[in-house]
Structure formats: structure tokens, C-alpha cells
$ cat query_3.cif   # mmCIF, C-alpha atoms and all ligand atoms
data_query
loop_
_atom_site.group_PDB
_atom_site.id
_atom_site.type_symbol
_atom_site.label_atom_id
_atom_site.label_comp_id
_atom_site.auth_asym_id
_atom_site.auth_seq_id
_atom_site.Cartn_x
_atom_site.Cartn_y
_atom_site.Cartn_z
ATOM 1 C CA MET A 1 96.539 282.582 51.926
ATOM 2 C CA PRO A 2 98.537 282.621 48.632
ATOM 3 C CA GLN A 3 97.949 279.602 46.424
ATOM 4 C CA PRO A 4 100.793 277.767 44.661
ATOM 5 C CA THR A 5 100.887 277.959 40.875
ATOM 6 C CA ARG A 6 102.007 274.305 40.810
ATOM 7 C CA GLN A 7 102.147 271.537 43.363
ATOM 8 C CA PHE A 8 103.154 267.893 43.272
ATOM 9 C CA GLU A 9 104.527 265.038 45.364
ATOM 10 C CA SER A 10 108.259 264.410 45.041
ATOM 11 C CA ARG A 11 110.493 261.758 46.600
ATOM 12 C CA ALA A 12 111.519 264.407 49.182
ATOM 13 C CA GLY A 13 107.997 265.511 50.087
ATOM 14 C CA ALA A 14 105.198 267.757 48.840
ATOM 15 C CA VAL A 15 106.378 270.612 46.621
ATOM 16 C CA CYS A 16 104.486 273.915 46.300
ATOM 17 C CA ILE A 17 105.757 276.471 43.796
ATOM 18 C CA PHE A 18 104.673 280.089 44.202
ATOM 19 C CA GLU A 19 104.687 282.915 41.700
ATOM 20 C CA SER A 20 107.003 285.124 43.788
ATOM 21 C CA PRO A 21 109.310 284.906 46.822
ATOM 22 C CA GLY A 22 106.839 287.120 48.702
ATOM 23 C CA GLN A 23 104.003 284.681 48.147
ATOM 24 C CA ALA A 24 106.107 281.696 49.231
ATOM 25 C CA CYS A 25 107.025 283.562 52.445
ATOM 26 C CA GLU A 26 103.418 284.538 53.103
ATOM 27 C CA ALA A 27 102.314 280.938 52.660
ATOM 28 C CA ALA A 28 105.086 279.772 55.017
ATOM 29 C CA ALA A 29 104.016 282.314 57.651
ATOM 30 C CA ASP A 30 100.406 281.205 57.301
ATOM 31 C CA ARG A 31 101.421 277.584 57.781
ATOM 32 C CA ILE A 32 103.330 278.495 60.977
ATOM 33 C CA ALA A 33 100.361 280.553 62.165
ATOM 34 C CA ALA A 34 98.096 277.541 61.607
ATOM 35 C CA VAL A 35 100.334 275.439 63.891
ATOM 36 C CA LEU A 36 100.187 278.146 66.575
ATOM 37 C CA LEU A 37 96.414 278.509 66.340
ATOM 38 C CA SER A 38 95.739 274.787 66.424
ATOM 39 C CA ALA A 39 97.924 274.395 69.543
ATOM 40 C CA ALA A 40 96.171 277.353 71.195
ATOM 41 C CA ARG A 41 92.745 275.851 70.459
ATOM 42 C CA ALA A 42 93.873 272.583 72.070
ATOM 43 C CA SER A 43 95.330 274.516 75.053
ATOM 44 C CA ARG A 44 98.791 273.126 74.479
ATOM 45 C CA LYS A 45 102.149 274.702 73.751
ATOM 46 C CA ALA A 46 103.386 275.082 70.168
ATOM 47 C CA VAL A 47 107.027 274.084 69.697
ATOM 48 C CA LEU A 48 108.779 275.567 66.682
ATOM 49 C CA GLY A 49 112.208 274.949 65.203
ATOM 50 C CA LEU A 50 113.345 278.195 63.575
ATOM 51 C CA ALA A 51 115.858 279.193 60.926
ATOM 52 C CA THR A 52 117.749 282.422 60.302
ATOM 53 C CA GLY A 53 119.388 283.799 57.144
ATOM 54 C CA SER A 54 117.894 286.032 54.478
ATOM 55 C CA THR A 55 115.131 283.626 53.360
ATOM 56 C CA PRO A 56 112.811 283.678 56.418
ATOM 57 C CA ILE A 57 112.996 287.437 57.111
ATOM 58 C CA ALA A 58 109.736 288.062 55.225
ATOM 59 C CA VAL A 59 108.141 285.099 57.029
ATOM 60 C CA TYR A 60 108.903 286.645 60.416
ATOM 61 C CA LYS A 61 107.713 290.042 59.149
ATOM 62 C CA ARG A 62 104.312 288.601 58.312
ATOM 63 C CA LEU A 63 104.075 286.787 61.654
ATOM 64 C CA VAL A 64 104.849 290.081 63.426
ATOM 65 C CA GLU A 65 102.115 291.804 61.388
ATOM 66 C CA GLN A 66 99.607 289.104 62.292
ATOM 67 C CA HIS A 67 100.539 289.504 65.961
ATOM 68 C CA ARG A 68 100.140 293.294 65.745
ATOM 69 C CA HIS A 69 96.687 292.880 64.245
ATOM 70 C CA GLY A 70 95.757 290.757 67.237
ATOM 71 C CA ALA A 71 95.370 287.603 65.159
ATOM 72 C CA LEU A 72 98.288 285.655 66.621
ATOM 73 C CA SER A 73 99.492 285.142 70.170
ATOM 74 C CA PHE A 74 102.952 283.822 71.000
ATOM 75 C CA SER A 75 102.364 283.331 74.721
ATOM 76 C CA HIS A 76 102.198 279.529 74.324
ATOM 77 C CA VAL A 77 105.028 279.280 71.770
ATOM 78 C CA HIS A 78 108.396 277.667 72.544
ATOM 79 C CA THR A 79 111.161 278.062 69.976
ATOM 80 C CA TYR A 80 114.434 276.289 69.233
ATOM 81 C CA ASN A 81 116.796 277.756 66.668
ATOM 82 C CA LEU A 82 118.734 275.593 64.283
ATOM 83 C CA ASP A 83 122.149 277.077 64.740
ATOM 84 C CA GLU A 84 124.503 279.776 65.972
ATOM 85 C CA PHE A 85 127.979 280.891 64.975
ATOM 86 C CA TYR A 86 130.811 279.830 67.297
ATOM 87 C CA PRO A 87 132.276 281.620 69.020
ATOM 88 C CA ILE A 88 129.989 284.639 69.076
ATOM 89 C CA SER A 89 128.360 286.755 71.747
ATOM 90 C CA PRO A 90 124.549 286.945 71.764
ATOM 91 C CA THR A 91 124.935 290.737 71.798
ATOM 92 C CA ASP A 92 126.901 290.690 68.532
ATOM 93 C CA PRO A 93 124.493 291.969 65.840
ATOM 94 C CA ASN A 94 125.634 289.105 63.588
ATOM 95 C CA SER A 95 124.686 286.439 66.115
ATOM 96 C CA TYR A 96 121.588 284.442 65.339
ATOM 97 C CA ARG A 97 120.268 285.308 68.818
ATOM 98 C CA ALA A 98 120.413 288.994 67.849
ATOM 99 C CA TYR A 99 118.794 288.198 64.473
ATOM 100 C CA MET A 100 115.882 286.408 66.176
ATOM 101 C CA GLN A 101 115.360 289.253 68.659
ATOM 102 C CA ARG A 102 115.433 291.789 65.811
ATOM 103 C CA HIS A 103 113.151 289.988 63.368
ATOM 104 C CA LEU A 104 110.715 288.194 65.672
ATOM 105 C CA PHE A 105 111.130 287.839 69.427
ATOM 106 C CA ASP A 106 111.225 291.572 70.293
ATOM 107 C CA HIS A 107 107.915 292.177 68.504
ATOM 108 C CA VAL A 108 105.572 289.339 69.430
ATOM 109 C CA GLY A 109 105.528 289.245 73.234
ATOM 110 C CA ILE A 110 107.016 285.762 73.433
ATOM 111 C CA PRO A 111 108.217 285.016 76.994
ATOM 112 C CA PRO A 112 112.040 285.201 76.825
ATOM 113 C CA ASN A 113 112.470 281.914 78.708
ATOM 114 C CA GLN A 114 110.553 280.153 75.909
ATOM 115 C CA THR A 115 113.107 281.092 73.226
ATOM 116 C CA HIS A 116 116.165 278.892 72.834
ATOM 117 C CA VAL A 117 119.211 279.625 70.694
ATOM 118 C CA LEU A 118 122.430 277.634 71.001
ATOM 119 C CA ASP A 119 124.934 279.671 73.011
ATOM 120 C CA GLY A 120 127.994 280.806 71.072
ATOM 121 C CA THR A 121 129.809 281.743 74.290
ATOM 122 C CA VAL A 122 130.039 278.366 76.022
ATOM 123 C CA PRO A 123 133.650 277.350 76.554
ATOM 124 C CA GLU A 124 134.816 274.660 74.155
ATOM 125 C CA ARG A 125 135.075 272.069 76.921
ATOM 126 C CA ALA A 126 131.383 272.563 77.698
ATOM 127 C CA VAL A 127 130.098 272.536 74.099
ATOM 128 C CA ALA A 128 129.209 268.836 73.937
ATOM 129 C CA GLU A 129 127.221 269.049 77.174
ATOM 130 C CA HIS A 130 125.484 272.237 76.004
ATOM 131 C CA CYS A 131 124.448 270.596 72.716
ATOM 132 C CA GLN A 132 123.062 267.531 74.536
ATOM 133 C CA GLN A 133 121.255 269.813 76.955
ATOM 134 C CA PHE A 134 119.662 271.726 74.041
ATOM 135 C CA GLU A 135 118.244 268.471 72.655
ATOM 136 C CA ARG A 136 117.017 267.467 76.133
ATOM 137 C CA TRP A 137 115.168 270.781 76.471
ATOM 138 C CA MET A 138 113.490 270.194 73.102
ATOM 139 C CA GLU A 139 112.427 266.723 74.153
ATOM 140 C CA ALA A 140 111.187 267.977 77.529
ATOM 141 C CA ASP A 141 109.036 270.494 75.632
ATOM 142 C CA GLY A 142 107.490 267.573 73.727
ATOM 143 C CA GLY A 143 109.559 267.804 70.509
ATOM 144 C CA LEU A 144 109.120 270.107 67.531
ATOM 145 C CA ASP A 145 105.660 270.532 65.996
ATOM 146 C CA LEU A 146 107.212 272.237 62.991
ATOM 147 C CA GLN A 147 110.803 272.719 61.847
ATOM 148 C CA LEU A 148 111.318 275.651 59.474
ATOM 149 C CA LEU A 149 114.379 275.174 57.253
ATOM 150 C CA GLY A 150 116.269 277.074 54.600
ATOM 151 C CA ILE A 151 118.782 275.431 52.286
ATOM 152 C CA GLY A 152 122.384 276.448 51.703
ATOM 153 C CA ARG A 153 123.722 276.936 48.190
ATOM 154 C CA ASN A 154 125.743 273.797 48.953
ATOM 155 C CA GLY A 155 122.641 271.917 50.118
ATOM 156 C CA HIS A 156 123.237 272.273 53.862
ATOM 157 C CA ILE A 157 120.353 272.216 56.360
ATOM 158 C CA GLY A 158 121.052 273.988 59.616
ATOM 159 C CA PHE A 159 124.839 273.956 59.483
ATOM 160 C CA ASN A 160 124.995 270.262 58.629
ATOM 161 C CA GLU A 161 127.466 270.766 55.824
ATOM 162 C CA PRO A 162 128.159 268.390 52.913
ATOM 163 C CA CYS A 163 130.324 265.454 54.037
ATOM 164 C CA ASP A 164 131.235 261.954 52.934
ATOM 165 C CA LEU A 165 129.619 259.995 55.768
ATOM 166 C CA PRO A 166 127.615 256.917 54.803
ATOM 167 C CA LEU A 167 123.861 257.598 54.742
ATOM 168 C CA GLU A 168 123.108 255.707 57.980
ATOM 169 C CA GLU A 169 125.732 257.709 59.892
ATOM 170 C CA ALA A 170 124.623 261.036 58.439
ATOM 171 C CA LEU A 171 121.058 260.355 59.583
ATOM 172 C CA CYS A 172 122.333 259.876 63.153
ATOM 173 C CA LEU A 173 124.235 263.196 63.398
ATOM 174 C CA ARG A 174 123.407 264.963 66.676
ATOM 175 C CA THR A 175 123.672 268.591 67.745
ATOM 176 C CA ARG A 176 127.325 269.593 67.748
ATOM 177 C CA LEU A 177 130.150 271.999 66.925
ATOM 178 C CA VAL A 178 130.999 272.015 63.192
ATOM 179 C CA SER A 179 133.416 273.698 60.798
ATOM 180 C CA LEU A 180 131.679 275.854 58.231
ATOM 181 C CA HIS A 181 132.043 275.010 54.527
ATOM 182 C CA PRO A 182 133.821 277.646 52.365
ATOM 183 C CA VAL A 183 130.581 278.216 50.392
ATOM 184 C CA THR A 184 128.799 278.975 53.678
ATOM 185 C CA THR A 185 131.414 281.458 54.888
ATOM 186 C CA ALA A 186 131.488 283.072 51.412
ATOM 187 C CA ASP A 187 127.699 283.512 51.515
ATOM 188 C CA ALA A 188 127.809 284.866 55.086
ATOM 189 C CA ALA A 189 130.515 287.425 54.245
ATOM 190 C CA LYS A 190 127.932 290.061 53.210
ATOM 191 C CA ASP A 191 126.805 290.229 56.858
ATOM 192 C CA PHE A 192 130.395 290.637 58.085
ATOM 193 C CA GLY A 193 131.335 293.778 56.162
ATOM 194 C CA GLY A 194 131.881 291.816 52.949
ATOM 195 C CA SER A 195 134.851 289.979 54.457
ATOM 196 C CA GLN A 196 134.907 286.171 54.456
ATOM 197 C CA GLU A 197 137.857 286.424 56.859
ATOM 198 C CA ARG A 198 135.595 287.932 59.517
ATOM 199 C CA VAL A 199 133.016 285.124 59.384
ATOM 200 C CA PRO A 200 133.470 282.679 62.273
ATOM 201 C CA ARG A 201 134.946 279.399 61.034
ATOM 202 C CA HIS A 202 132.717 277.322 63.273
ATOM 203 C CA ALA A 203 129.122 277.021 64.381
ATOM 204 C CA LEU A 204 126.860 275.037 66.660
ATOM 205 C CA THR A 205 124.094 273.246 64.791
ATOM 206 C CA LEU A 206 121.138 271.080 65.495
ATOM 207 C CA GLY A 207 122.032 267.661 64.081
ATOM 208 C CA VAL A 208 120.363 265.884 61.193
ATOM 209 C CA ALA A 209 118.651 263.427 63.588
ATOM 210 C CA PRO A 210 116.789 266.019 65.713
ATOM 211 C CA ILE A 211 115.838 267.994 62.564
ATOM 212 C CA LEU A 212 114.322 264.905 60.957
ATOM 213 C CA ALA A 213 112.545 264.041 64.227
ATOM 214 C CA ALA A 214 110.285 267.127 63.968
ATOM 215 C CA ARG A 215 106.613 266.209 63.471
ATOM 216 C CA SER A 216 106.533 268.350 60.315
ATOM 217 C CA ILE A 217 109.179 270.133 58.247
ATOM 218 C CA LEU A 218 108.733 273.192 56.051
ATOM 219 C CA ILE A 219 111.696 274.015 53.845
ATOM 220 C CA LEU A 220 111.737 277.327 52.058
ATOM 221 C CA ALA A 221 114.035 278.031 49.092
ATOM 222 C CA LEU A 222 114.002 281.210 47.037
ATOM 223 C CA GLY A 223 115.976 282.578 44.129
ATOM 224 C CA ARG A 224 118.296 281.255 41.491
ATOM 225 C CA ASN A 225 121.150 280.666 43.948
ATOM 226 C CA LYS A 226 119.165 277.716 45.262
ATOM 227 C CA THR A 227 118.045 276.194 41.939
ATOM 228 C CA GLU A 228 120.746 273.554 41.737
ATOM 229 C CA ALA A 229 120.655 272.499 45.401
ATOM 230 C CA VAL A 230 116.854 272.172 45.259
ATOM 231 C CA ALA A 231 116.963 269.990 42.137
ATOM 232 C CA ARG A 232 119.635 267.733 43.641
ATOM 233 C CA ALA A 233 117.783 267.455 46.963
ATOM 234 C CA LEU A 234 114.494 266.550 45.282
ATOM 235 C CA GLU A 235 115.725 264.407 42.429
ATOM 236 C CA GLY A 236 119.093 262.907 43.426
ATOM 237 C CA ASN A 237 119.680 259.979 45.759
ATOM 238 C CA PRO A 238 119.661 260.798 49.469
ATOM 239 C CA ASN A 239 123.265 261.284 50.554
ATOM 240 C CA ALA A 240 125.366 263.293 52.983
ATOM 241 C CA GLU A 241 127.084 265.206 50.161
ATOM 242 C CA LEU A 242 123.797 267.113 49.775
ATOM 243 C CA PRO A 243 122.339 267.199 53.294
ATOM 244 C CA ALA A 244 118.895 268.479 52.199
ATOM 245 C CA SER A 245 118.483 265.242 50.217
ATOM 246 C CA LEU A 246 118.302 263.452 53.593
ATOM 247 C CA LEU A 247 114.771 264.875 53.873
ATOM 248 C CA GLN A 248 113.817 262.121 51.411
ATOM 249 C CA THR A 249 114.020 259.660 54.317
ATOM 250 C CA VAL A 250 111.091 261.425 56.052
ATOM 251 C CA ALA A 251 109.284 262.666 52.908
ATOM 252 C CA ALA A 252 105.759 262.114 54.282
ATOM 253 C CA LYS A 253 106.134 265.006 56.706
ATOM 254 C CA VAL A 254 108.106 267.436 54.495
ATOM 255 C CA ARG A 255 106.782 270.375 52.475
ATOM 256 C CA TRP A 256 108.925 272.427 50.120
ATOM 257 C CA TYR A 257 107.834 276.027 49.441
ATOM 258 C CA LEU A 258 109.691 277.367 46.416
ATOM 259 C CA ASP A 259 109.529 280.359 44.148
ATOM 260 C CA GLU A 260 109.734 279.947 40.377
ATOM 261 C CA GLU A 261 113.485 280.608 40.298
ATOM 262 C CA ALA A 262 114.368 278.054 42.951
ATOM 263 C CA ALA A 263 112.163 275.516 41.150
ATOM 264 C CA ALA A 264 113.561 276.309 37.685
ATOM 265 C CA ALA A 265 115.614 273.104 37.259
ATOM 266 C CA LEU A 266 112.931 270.676 38.478
ATOM 267 C CA ARG A 267 111.737 268.214 35.892
HETATM 268 C C1 LIG A 301 120.091 279.332 59.153
HETATM 269 C C2 LIG A 301 120.397 278.024 58.602
HETATM 270 C C3 LIG A 301 120.934 277.883 57.219
HETATM 271 C C4 LIG A 301 120.201 278.753 56.203
HETATM 272 C C5 LIG A 301 120.799 278.594 54.817
HETATM 273 C C6 LIG A 301 120.134 279.521 53.806
HETATM 274 O O1 LIG A 301 119.602 279.205 60.470
HETATM 275 O O2 LIG A 301 120.252 277.055 59.271
HETATM 276 O O3 LIG A 301 120.865 276.533 56.838
HETATM 277 O O4 LIG A 301 118.844 278.391 56.184
HETATM 278 O O5 LIG A 301 122.155 278.864 54.856
HETATM 279 O O6 LIG A 301 120.453 280.849 54.130
HETATM 280 P P1 LIG A 301 119.805 282.087 53.353
HETATM 281 O O7 LIG A 301 118.355 282.074 53.717
HETATM 282 O O8 LIG A 301 120.505 283.292 53.901
HETATM 283 O O9 LIG A 301 120.022 281.843 51.916
#

$ encode --input "query_3.cif" --output "C-alpha cells"
Amino acid sequence: MPQPTRQFESRAGAVCIFESPGQACEAAADRIAAVLLSAARASRKAVLGLATGSTPIAVYKRLVEQHRHGALSFSHVHTYNLDEFYPISPTDPNSYRAYMQRHLFDHVGIPPNQTHVLDGTVPERAVAEHCQQFERWMEADGGLDLQLLGIGRNGHIGFNEPCDLPLEEALCLRTRLVSLHPVTTADAAKDFGGSQERVPRHALTLGVAPILAARSILILALGRNKTEAVARALEGNPNAELPASLLQTVAAKVRWYLDEEAAAALR
């Protein structure tokens, strides 16, 4: 298990800084594996909240390797993804359902009915019910043992984008249909043939409230694109303009895994 070069408590949770992105991802995978193994030993299910994007790809790669070596079973694992573009078909290679199949689900023998990704094909009139249903399924599974998060360049978590809601209201945001922030669609353009125009304007996202309700939260941020958002989330006041700063309200259960570049502006 890679060791951090520096670690300390911040107002937004424990911070571990690793020498390289690879080491931060390995440590994140090992932390997820520990949750799976401890649930297996106690003969209970493990319930994971999962993220997509470029950051966790190496995390999933390591989990797949551990599974292939026989060290990690996924038969008792139930997963809930943070978000999905809207509208999008699950068979579209850019959908987050397709991403999860490609990077994790297809390689670890997880029973398909134990993987949950918000459905980008539900008709708009049924979206609110679908989002409520998704949260009910999570609760019926006993809630999340661990929520894995990335952070947007604009500080978003899931697709809870920066907004001007008062803190108390932001903390109550539920799973819902949202409009994507221009920074988010600009960053997603590389996956849509380099064209921001082709990125869906909307997405379904787990709300701030169900994210913060997870029993533990691991947020992974890598590279210099994330330096500013990380510093603001860890050192600024909690506010909806920088959604990751809302993690300060549940700091005791949050761990930040950073590489040197993402941590570069921390005091
Ligand atoms: C993805 C998600 C997003 C990403 C964030 C960082 O499921 O919820 O919040 O974690 O946009 O994306 P990358 O890792 O591509 O920089």
C-alpha cells in the first residue's frame, strides 16, 4: 500500500498527499478493497458510491487486477454511480453506464443487478420519480459504505455545479436533473470528438445530501487542473459556489487523496 509523503487534518477532512498520481490511485483502490474485504469478513454486502471521469480509471484498473489475482471478490458488492449525462443511451460509449462496464463491471464478475447507474433514457416527465427511486434503492441497500468522488475544475462534486444557494439549502439538494456548467461541458468535450457542442447540456446527479450521507467519503484529485479547486475546498468557507467545500460539514468522515500537483496551493 503506497504511503503518503505528507498527511494532515484539514477543516474538510484528512488529507493524504502522494508522490505521484499513480500512487494516489493505488492507495484509493486499496482503501476500496479494504471496505470490500471487511464487509465480506462480516458476511454483509458492501455498498459503494462510484465516480467516473479520467481520475478514477487507474483506481478501477487496480481493482480489476486484484480481482484477477483472486484477491478481491465483487459478488457481495452493490454499486451506485454518482451521475449520468441526460439524455443519453446506456449503449452510447460516452455514457457513464458504458464507462463503468468498460473500466470495472465487465471484468470483476459483479452481478449486473447489483450495479446502479442513473438512467439517461427516462422520459423527462419520469425523471423526478426515477431520481427518488434511485435514492430509495440506496437506502434499501443500507446506504453507502464508501462514496468515491472526483472534483471538477469548478469545484463540483457529482454534477452538483456551483450555484448561489444558501448553505443550508445546498446541503439539502437531492438527486435530480441539472444543467451542466460551461466549465464542465468544456472539460467533457475531449470525450465527444473535441466538440463542446456535442456534450449533453444536462445530467442526472446524486444530490449533495445523499453524497454527504455516505458513511465514509474518499475524494481523489490529481494534476494541476485541480490545484485551485482543492485549495478553495479545503481552505475557504463552505459554500455552494464551490460544492466540494460542502464536505467541510462532514469532515470527520472525509479523506482527500491528492498528488503533489493537486496539493500545490495548500498552505
Ligand atoms: C464523475 C463526476 C465528476 C468528476 C469530475 C472530475 O462521475 O461525478 O464530478 O469526478 O468532473 O472529472 P475528471 O476525473 O475527469 O477530472

$ residues_around --input "query_3.cif" --residues "stretch 244-250 of chain A" --least-positions-apart "4" --cutoff "9 Å" --atoms "all atoms listed in the file" --output "ChimeraX atom specification"
/A:10-13,151-152,155-157,167,170-171,208,212-213,217,229-230,232-240,254

$ closest_atom_pairs --input "query_3.cif" --of "chain A" --to "ligand LIG 301 (chain A)" --cutoff "6 Å" --atoms "all atoms listed in the file" --output "tab-separated table"
residue	atom	partner	partner_atom	distance
A:Ala51	CA	A:LIG301	O1	3.8
A:Thr52	CA	A:LIG301	O1	3.7
A:Gly53	CA	A:LIG301	O8	3.5
A:Ser54	CA	A:LIG301	O8	3.8
A:Thr55	CA	A:LIG301	O7	3.6
A:Leu82	CA	A:LIG301	O1	5.3
A:Asp83	CA	A:LIG301	O1	5.4
A:Leu149	CA	A:LIG301	O4	5.6
A:Gly150	CA	A:LIG301	O4	3.3
A:Ile151	CA	A:LIG301	C5	4.5
A:Gly152	CA	A:LIG301	O5	4.0
A:His156	CA	A:LIG301	O3	5.7
A:Ile157	CA	A:LIG301	O3	4.4
A:Gly158	CA	A:LIG301	O2	3.2
A:Phe159	CA	A:LIG301	O3	5.4

$ write_last_selection --input "query_3.cif" --atoms "C-alpha atoms" --output "PDB file, in the frame of the given file"
ATOM      1  CA  ALA A  51     115.858 279.193  60.926  1.00  0.00           C
ATOM      2  CA  THR A  52     117.749 282.422  60.302  1.00  0.00           C
ATOM      3  CA  GLY A  53     119.388 283.799  57.144  1.00  0.00           C
ATOM      4  CA  SER A  54     117.894 286.032  54.478  1.00  0.00           C
ATOM      5  CA  THR A  55     115.131 283.626  53.360  1.00  0.00           C
ATOM      6  CA  LEU A  82     118.734 275.593  64.283  1.00  0.00           C
ATOM      7  CA  ASP A  83     122.149 277.077  64.740  1.00  0.00           C
ATOM      8  CA  LEU A 149     114.379 275.174  57.253  1.00  0.00           C
ATOM      9  CA  GLY A 150     116.269 277.074  54.600  1.00  0.00           C
ATOM     10  CA  ILE A 151     118.782 275.431  52.286  1.00  0.00           C
ATOM     11  CA  GLY A 152     122.384 276.448  51.703  1.00  0.00           C
ATOM     12  CA  HIS A 156     123.237 272.273  53.862  1.00  0.00           C
ATOM     13  CA  ILE A 157     120.353 272.216  56.360  1.00  0.00           C
ATOM     14  CA  GLY A 158     121.052 273.988  59.616  1.00  0.00           C
ATOM     15  CA  PHE A 159     124.839 273.956  59.483  1.00  0.00           C
TER      16      PHE A 159
END

$ resolve_selection --input "query_3.cif" --expression "the PyMOL selection byres (((chain A and resi 266) around 8) and not hetatm)" --output "ChimeraX atom specification"
/A:230-231,235,263-265,267

$ write_last_selection --input "query_3.cif" --atoms "C-alpha atoms" --output "short mmCIF file (atom, residue, chain, number, x, y, z; two decimals), in the frame of the given file"
data_model
loop_
_atom_site.label_atom_id
_atom_site.label_comp_id
_atom_site.auth_asym_id
_atom_site.auth_seq_id
_atom_site.Cartn_x
_atom_site.Cartn_y
_atom_site.Cartn_z
CA VAL A 230 116.85 272.17 45.26
CA ALA A 231 116.96 269.99 42.14
CA GLU A 235 115.72 264.41 42.43
CA ALA A 263 112.16 275.52 41.15
CA ALA A 264 113.56 276.31 37.68
CA ALA A 265 115.61 273.10 37.26
CA ARG A 267 111.74 268.21 35.89
#

$ residues_around --input "query_3.cif" --residues "stretch 112-119 of chain A" --least-positions-apart "4" --cutoff "6 Å" --atoms "all atoms listed in the file" --output "PDB file with C-alpha atoms, keeping the file's coordinate frame"
ATOM      1  CA  HIS A  78     108.396 277.667  72.544  1.00  0.00           C
ATOM      2  CA  THR A  79     111.161 278.062  69.976  1.00  0.00           C
ATOM      3  CA  TYR A  80     114.434 276.289  69.233  1.00  0.00           C
ATOM      4  CA  ASN A  81     116.796 277.756  66.668  1.00  0.00           C
ATOM      5  CA  GLU A  84     124.503 279.776  65.972  1.00  0.00           C
TER       6      GLU A  84
END

$ axis_aligned_box --input "query_3.cif" --around "stretch 24-39 of chain A" --padding-each-side "5 Å" --output "AutoDock Vina command-line options"
--center_x 101.4 --center_y 279.5 --center_z 59.4 --size_x 21.3 --size_y 20.1 --size_z 30.3

$ resolve_selection --input "query_3.cif" --expression "the PyMOL selection byres (((chain A and resi 104) around 9) and not hetatm)" --output "PyMOL selection string"
chain A and resi 57+60-61+63-64+99-103+105-108+110

$ closest_residue --input "query_3.cif" --among "A:Ala252, A:Ala214, A:Leu50, A:Ala221" --to "A:Ser20" --atoms "all atoms listed in the file"
A:Ala221

$ atom_distance --input "query_3.cif" --atom1 "atom CA of A:Cys172" --atom2 "atom CA of A:Gln132"
13.7 Å

$ residues_around --input "query_3.cif" --residues "A:Ala58" --least-positions-apart "5" --cutoff "10 Å" --atoms "all atoms listed in the file" --output "JSON, numbers by chain"
{"A": [21, 22, 23, 24, 25, 26, 28, 29, 63, 64, 103]}

$ residues_around --input "query_3.cif" --residues "A:Pro4" --least-positions-apart "5" --cutoff "10 Å" --atoms "all atoms listed in the file" --output "list in words"
Val15, Cys16, Ile17, Phe18, Glu19, Ser20, Gln23, Ala24, Ala27, Tyr257, Leu258 and Asp259 of chain A

$ closest_residue --input "query_3.cif" --among "A:Glu135, A:Asp187, A:Glu129, A:Glu124" --to "A:Arg174" --atoms "only C-alpha atoms"
A:Glu135

$ atom_distance --input "query_3.cif" --atom1 "atom CA of A:Leu146" --atom2 "atom CA of A:Val122"
27.0 Å

$ closest_residue --input "query_3.cif" --among "A:Ile88, A:Ala128, A:Ala34, A:Ala42" --to "A:Met1" --atoms "all atoms listed in the file"
A:Ala34

$ closest_residue --input "query_3.cif" --among "A:Leu180, A:Leu242, A:Val127, A:Ala203" --to "A:Pro166" --atoms "only C-alpha atoms"
A:Leu242

$ atom_distance --input "query_3.cif" --atom1 "atom CA of A:Leu177" --atom2 "atom CA of A:Arg215"
24.5 Å

$ closest_residue --input "query_3.cif" --among "A:His202, A:Pro93, A:Gly142, A:Glu197" --to "A:Gly120" --atoms "all atoms listed in the file"
A:His202

$ closest_residue --input "query_3.cif" --among "A:Ala251, A:Ile211, A:Val77, A:Leu72" --to "A:Leu48" --atoms "only C-alpha atoms"
A:Val77

$ resolve_selection --input "query_3.cif" --expression "the PyMOL selection byres (((chain A and resi 201) around 9) and not hetatm)" --output "ChimeraX atom specification"
/A:85-87,178-182,185,197-200,202-203

$ residues_around --input "query_3.cif" --residues "A:Ala46" --least-positions-apart "6" --cutoff "10 Å" --atoms "all atoms listed in the file" --output "PyMOL selection string"
chain A and resi 32+35-40+74-79+141-146

$ write_last_selection --input "query_3.cif" --atoms "C-alpha atoms" --output "short mmCIF file (atom, residue, chain, number, x, y, z; two decimals), in the coordinates of the input"
data_model
loop_
_atom_site.label_atom_id
_atom_site.label_comp_id
_atom_site.auth_asym_id
_atom_site.auth_seq_id
_atom_site.Cartn_x
_atom_site.Cartn_y
_atom_site.Cartn_z
CA ILE A 32 103.33 278.50 60.98
CA VAL A 35 100.33 275.44 63.89
CA LEU A 36 100.19 278.15 66.58
CA LEU A 37 96.41 278.51 66.34
CA SER A 38 95.74 274.79 66.42
CA ALA A 39 97.92 274.40 69.54
CA ALA A 40 96.17 277.35 71.19
CA PHE A 74 102.95 283.82 71.00
CA SER A 75 102.36 283.33 74.72
CA HIS A 76 102.20 279.53 74.32
CA VAL A 77 105.03 279.28 71.77
CA HIS A 78 108.40 277.67 72.54
CA THR A 79 111.16 278.06 69.98
CA ASP A 141 109.04 270.49 75.63
CA GLY A 142 107.49 267.57 73.73
CA GLY A 143 109.56 267.80 70.51
CA LEU A 144 109.12 270.11 67.53
CA ASP A 145 105.66 270.53 66.00
CA LEU A 146 107.21 272.24 62.99
#

$ residues_near_point --input "query_3.cif" --point "(126.4, 295.5, 62.8)" --cutoff "9 Å" --atoms "only C-alpha atoms" --output "PyMOL selection string"
chain A and resi 92-94+191-193
